file target-v1.cif (mmCIF, C-alpha atoms)
data_work
#
loop_
_atom_site.label_atom_id
_atom_site.label_comp_id
_atom_site.auth_asym_id
_atom_site.auth_seq_id
_atom_site.Cartn_x
_atom_site.Cartn_y
_atom_site.Cartn_z
CA LEU D 21 10.82 44.72 16.19
CA ALA D 22 8.37 42.49 17.96
CA VAL D 23 6.62 40.16 15.53
CA THR D 24 3.20 38.83 16.41
CA PRO D 25 2.97 35.14 15.45
CA ALA D 26 0.29 34.17 12.97
CA PRO D 27 -2.64 32.25 14.41
CA ALA D 28 -2.28 28.48 14.23
CA GLN D 29 -4.01 26.88 11.27
CA ALA D 30 -6.05 23.80 12.07
CA TYR D 31 -5.49 20.90 9.70
CA ASP D 32 -8.56 20.33 7.56
CA PRO D 33 -8.48 16.70 6.39
CA PRO D 34 -10.01 15.85 3.02
CA THR D 35 -13.45 14.30 3.19
CA THR D 36 -13.70 12.98 -0.35
CA GLN D 37 -11.64 12.13 -3.43
CA GLU D 38 -12.45 12.24 -7.14
CA TYR D 39 -12.39 8.48 -7.51
CA VAL D 40 -15.37 8.11 -5.14
CA SER D 41 -17.78 9.43 -7.77
CA TYR D 42 -15.84 7.96 -10.71
CA TYR D 43 -16.15 4.42 -9.35
CA GLN D 44 -19.58 5.10 -7.81
CA LEU D 45 -18.34 4.00 -4.41
CA ASP D 46 -21.33 5.55 -2.64
CA SER D 47 -23.65 3.35 -4.68
CA LEU D 48 -21.56 0.28 -3.91
CA ARG D 49 -21.60 1.08 -0.21
CA ALA D 50 -25.37 1.43 -0.32
CA GLN D 51 -25.50 -2.09 -1.77
CA GLY D 52 -23.41 -3.39 1.12
CA TYR D 53 -20.03 -3.59 -0.61
CA THR D 54 -17.96 -2.03 2.16
CA GLY D 55 -15.18 -4.55 2.70
CA LYS D 56 -16.76 -5.90 5.87
CA GLY D 57 -15.29 -9.31 6.67
CA VAL D 58 -12.24 -8.76 4.43
CA THR D 59 -8.70 -8.49 5.80
CA ILE D 60 -6.22 -6.43 3.77
CA ALA D 61 -2.47 -6.35 4.40
CA LEU D 62 -0.66 -3.12 3.53
CA ILE D 63 3.10 -3.45 3.02
CA ASP D 64 4.46 0.08 2.92
CA GLY D 65 6.23 2.68 5.00
CA PRO D 66 5.00 3.27 8.56
CA VAL D 67 1.36 4.36 8.93
CA ASP D 68 0.39 7.25 11.19
CA THR D 69 -2.87 5.92 12.62
CA SER D 70 -3.47 9.25 14.39
CA ALA D 71 -4.06 10.98 11.04
CA PRO D 72 -7.60 12.46 10.93
CA GLU D 73 -8.29 10.67 7.64
CA LEU D 74 -7.96 7.33 9.45
CA ALA D 75 -10.31 8.12 12.33
CA GLY D 76 -12.63 5.19 12.96
CA ALA D 77 -10.77 2.82 10.64
CA ASN D 78 -10.01 -0.72 11.82
CA ILE D 79 -6.20 -0.77 11.59
CA THR D 80 -3.71 -2.99 13.42
CA ASP D 81 0.05 -2.64 13.09
CA LYS D 82 1.54 -6.08 12.45
CA SER D 83 5.08 -4.93 11.60
CA ARG D 84 7.76 -7.53 12.28
CA CYS D 85 10.36 -5.02 13.42
CA THR D 86 10.90 -1.36 14.23
CA PHE D 87 13.13 1.34 12.75
CA GLU D 88 13.59 5.08 12.90
CA ALA D 89 11.25 6.88 10.52
CA PRO D 90 11.05 10.66 10.02
CA ALA D 91 7.62 12.22 9.59
CA GLU D 92 7.96 12.43 5.80
CA ALA D 93 8.55 8.66 5.65
CA LYS D 94 5.04 8.09 7.03
CA TYR D 95 3.14 10.07 4.40
CA HIS D 96 2.94 7.41 1.71
CA GLY D 97 1.89 4.53 3.94
CA SER D 98 -0.70 6.71 5.68
CA GLU D 99 -2.13 7.88 2.35
CA MET D 100 -2.38 4.32 1.07
CA ALA D 101 -4.12 3.26 4.28
CA ALA D 102 -6.62 6.10 3.83
CA LEU D 103 -7.29 5.13 0.23
CA LEU D 104 -8.15 1.64 1.43
CA VAL D 105 -10.08 2.14 4.68
CA SER D 106 -10.80 5.84 5.31
CA GLN D 107 -14.34 6.16 6.62
CA LYS D 108 -14.83 9.15 4.30
CA TYR D 109 -13.37 7.96 1.00
CA GLY D 110 -11.77 4.55 1.44
CA VAL D 111 -12.47 1.89 -1.15
CA ALA D 112 -13.25 -0.63 1.61
CA PRO D 113 -14.04 1.39 4.76
CA ASP D 114 -15.26 -1.58 6.80
CA ALA D 115 -12.33 -3.87 5.98
CA THR D 116 -9.75 -4.83 8.58
CA LEU D 117 -6.35 -3.41 7.67
CA TYR D 118 -3.09 -4.94 8.89
CA THR D 119 -0.06 -2.74 8.31
CA TYR D 120 3.49 -4.03 7.84
CA ALA D 121 6.17 -1.34 7.82
CA ASN D 122 9.27 -1.81 5.72
CA ARG D 123 12.22 0.44 5.11
CA THR D 124 12.17 2.67 2.06
CA ALA D 125 14.53 5.16 0.43
CA LYS D 126 13.44 7.71 3.04
CA THR D 127 14.59 5.45 5.87
CA THR D 128 17.77 3.98 4.35
CA GLY D 129 20.36 3.49 7.05
CA ALA D 130 17.85 3.92 9.85
CA SER D 131 18.72 1.99 12.96
CA GLY D 132 16.27 -0.48 14.43
CA THR D 133 15.51 -4.17 14.82
CA CYS D 134 14.94 -5.24 11.21
CA ASP D 135 18.38 -6.72 10.50
CA SER D 136 18.79 -10.30 11.68
CA ALA D 137 21.17 -13.18 11.11
CA ASP D 138 18.47 -14.90 9.06
CA GLY D 139 17.90 -11.91 6.77
CA ASP D 140 15.88 -8.71 6.82
CA LEU D 141 12.72 -9.05 8.88
CA ASP D 142 11.04 -6.45 6.67
CA SER D 143 11.85 -8.02 3.29
CA TYR D 144 8.95 -8.53 0.89
CA SER D 145 9.17 -12.30 1.22
CA ALA D 146 9.10 -12.14 5.03
CA LEU D 147 6.20 -9.67 5.12
CA ILE D 148 4.13 -11.53 2.50
CA ASN D 149 4.53 -14.76 4.45
CA GLN D 150 3.65 -12.97 7.69
CA ALA D 151 0.55 -11.43 6.13
CA ILE D 152 -0.59 -14.86 4.93
CA ASP D 153 0.02 -16.29 8.41
CA ASP D 154 -2.07 -13.46 9.87
CA GLY D 155 -5.03 -14.29 7.64
CA ALA D 156 -4.84 -11.54 5.03
CA GLN D 157 -6.94 -12.15 1.92
CA ILE D 158 -5.50 -9.27 -0.10
CA ILE D 159 -1.98 -7.84 0.04
CA SER D 160 -1.44 -4.29 -1.23
CA ILE D 161 2.08 -3.09 -2.08
CA SER D 162 2.56 0.34 -3.65
CA GLN D 163 6.33 0.18 -3.91
CA SER D 164 8.82 -0.79 -6.58
CA SER D 165 11.28 -3.63 -6.19
CA ASN D 166 13.82 -5.49 -8.31
CA ASP D 167 13.93 -8.37 -5.82
CA HIS D 168 14.03 -11.53 -7.94
CA SER D 169 15.09 -13.83 -5.11
CA ASP D 170 13.96 -17.40 -4.57
CA GLU D 171 12.57 -16.38 -1.18
CA LEU D 172 10.20 -13.92 -2.83
CA LYS D 173 9.31 -16.42 -5.55
CA TRP D 174 8.16 -18.98 -3.00
CA ALA D 175 6.30 -16.39 -0.91
CA ILE D 176 4.31 -15.38 -4.01
CA ALA D 177 3.77 -19.02 -4.95
CA ARG D 178 2.40 -19.65 -1.47
CA ALA D 179 0.01 -16.70 -1.82
CA MET D 180 -1.24 -18.07 -5.13
CA ASN D 181 -1.69 -21.54 -3.65
CA GLU D 182 -3.69 -20.16 -0.71
CA GLY D 183 -5.82 -17.80 -2.78
CA VAL D 184 -4.31 -14.60 -1.43
CA ILE D 185 -4.35 -11.77 -3.99
CA ILE D 186 -1.23 -9.59 -4.24
CA MET D 187 -1.71 -6.16 -5.81
CA ALA D 188 1.36 -4.06 -6.62
CA SER D 189 1.91 -0.69 -8.25
CA THR D 190 3.98 -0.33 -11.41
CA GLY D 191 5.68 3.02 -10.83
CA ASN D 192 5.36 6.68 -11.78
CA THR D 193 8.07 7.28 -14.38
CA GLY D 194 6.02 6.81 -17.55
CA GLN D 195 8.12 3.97 -18.95
CA ASP D 196 8.41 0.19 -19.04
CA GLU D 197 9.72 -0.70 -15.59
CA ASN D 198 8.95 -4.37 -15.74
CA ASP D 199 12.15 -5.45 -13.98
CA SER D 200 11.63 -3.12 -11.04
CA HIS D 201 8.04 -3.75 -9.99
CA LEU D 202 6.54 -6.80 -8.38
CA SER D 203 4.16 -7.70 -11.20
CA TRP D 204 7.29 -8.98 -12.96
CA TRP D 205 6.24 -12.14 -11.11
CA SER D 206 3.40 -14.32 -12.31
CA GLY D 207 0.71 -14.21 -9.65
CA VAL D 208 1.08 -10.50 -8.82
CA VAL D 209 -1.51 -8.09 -10.21
CA GLY D 210 0.19 -4.95 -11.53
CA VAL D 211 -1.74 -1.70 -11.07
CA ALA D 212 -1.24 1.32 -13.31
CA ALA D 213 -2.96 4.71 -13.14
CA ILE D 214 -5.74 5.89 -15.43
CA ASN D 215 -6.29 9.52 -16.34
CA ASN D 216 -9.34 11.49 -15.21
CA GLN D 217 -11.21 10.64 -18.42
CA GLY D 218 -10.83 6.93 -17.73
CA GLY D 219 -8.12 6.46 -20.35
CA TYR D 220 -5.33 3.95 -19.84
CA ALA D 221 -2.92 5.06 -18.68
CA SER D 222 -1.86 8.37 -17.20
CA ASP D 223 1.22 9.93 -18.78
CA TYR D 224 3.26 9.38 -15.63
CA SER D 225 2.19 5.78 -15.10
CA SER D 226 4.71 3.02 -15.82
CA TRP D 227 3.81 -0.27 -17.43
CA GLY D 228 5.09 -3.79 -17.97
CA GLN D 229 4.25 -7.45 -17.58
CA GLY D 230 1.26 -8.29 -15.40
CA VAL D 231 -0.40 -4.86 -15.52
CA THR D 232 -4.18 -4.79 -15.53
#
call {"tool": "encode", "arguments": {"input": "target-v1.cif", "output": "structure tokens"}}
result
Amino acid sequence: LAVTPAPAQAYDPPTTQEYVSYYQLDSLRAQGYTGKGVTIALIDGPVDTSAPELAGANITDKSRCTFEAPAEAKYHGSEMAALLVSQKYGVAPDATLYTYANRTAKTTGASGTCDSADGDLDSYSALINQAIDDGAQIISISQSSNDHSDELKWAIARAMNEGVIIMASTGNTGQDENDSHLSWWSGVVGVAAINNQGGYASDYSSWGQGVT
């Protein structure tokens, strides 16, 4: 039997998100709070800047190394970039976004240029220091980590000393994960999720020290 292929379906990117109305982002934009003049560093998986949600956004890849990344490894970083600077629903659509790719569970074992004699070029300490060097005022990290190294301690201390804000997620397992998220450190702002009635926090959201 000859099977006629189904017509191709064009991807229809989202143009809004529920949090836009919840946080009255349209009103804030009308008042001029658009992120213009602010530089945000996103430490995450690779970002697909060709995604329709990121059209028109001011994004520069500042990654310190390269590695193999399947398509599914780019979803999270791309979604976080859209949340920050999407022209349709980003929290700060006129901000400058620098992206710093690091290896995640989806890219474990991937070959590339990130391993060096002096340590991983995509470690949190290395990327935080690089973001500070590049002039970032805010660093966003939506990943978990149990890195309690001295290198990371001093990178965070440097950020505090230079007035750079580090925001980090707390996890999605609905339990105290203090030892495995970055707000374990003083100087890192832990971010948990609220529910759609504004209650703190969503059932799936983790918690721990440093959570706002």
call {"tool": "resolve_selection", "arguments": {"input": "target-v1.cif", "expression": "the PyMOL selection byres ((chain D and resi 80) around 12)", "output": "VMD selection string"}}
result
chain D and resid 59 to 62 66 to 69 74 77 to 79 81 to 83 101 105 115 to 121 151 154
call {"tool": "resolve_selection", "arguments": {"input": "target-v1.cif", "expression": "the PyMOL selection byres ((chain D and resi 187) around 6)", "output": "list of chain:residue names"}}
result
D:Ser160, D:Ile186, D:Ala188, D:Val208, D:Val209
call {"tool": "closest_residue", "arguments": {"input": "target-v1.cif", "among": "D:Gly155, D:Pro34, D:Gly139, D:Gly57", "to": "Lys108 (chain D)", "atoms": "all atoms listed in the file"}}
result
D:Pro34
call {"tool": "resolve_selection", "arguments": {"input": "target-v1.cif", "expression": "the PyMOL selection byres ((chain D and resi 172) around 12)", "output": "PyMOL selection string"}}
result
chain D and resi 143-149+165-171+173-179+202+204-208
call {"tool": "residues_near_point", "arguments": {"input": "target-v1.cif", "point": "(-6.4, 17.0, 10.1)", "cutoff": "10 Å", "atoms": "all atoms listed in the file", "output": "list in words"}}
result
Ala30, Tyr31, Asp32, Pro33, Pro34, Ser70, Ala71, Pro72, Glu73, Leu74 and Ala75 of chain D
call {"tool": "atom_distance", "arguments": {"input": "target-v1.cif", "atom1": "CA of Gly228 (chain D)", "atom2": "CA of Asp196 (chain D)"}}
result
5.3 Å
call {"tool": "closest_atom_pairs", "arguments": {"input": "target-v1.cif", "of": "region 125-207 of chain D", "to": "region 222-227 of chain D", "cutoff": "8 Å", "atoms": "all atoms listed in the file", "output": "tab-separated table"}}
result
residue	atom	partner	partner_atom	distance
D:Thr190	CA	D:Ser226	CA	5.6
D:Gly191	CA	D:Ser226	CA	5.1
D:Asn192	CA	D:Ser225	CA	4.7
D:Thr193	CA	D:Tyr224	CA	5.4
D:Gly194	CA	D:Tyr224	CA	4.2
D:Gln195	CA	D:Ser226	CA	4.7
D:Asp196	CA	D:Trp227	CA	4.9
D:Glu197	CA	D:Trp227	CA	6.2
D:Asn198	CA	D:Trp227	CA	6.8
call {"tool": "atom_distance", "arguments": {"input": "target-v1.cif", "atom1": "CA of Leu141 (chain D)", "atom2": "CA of Val211 (chain D)"}}
result
25.7 Å
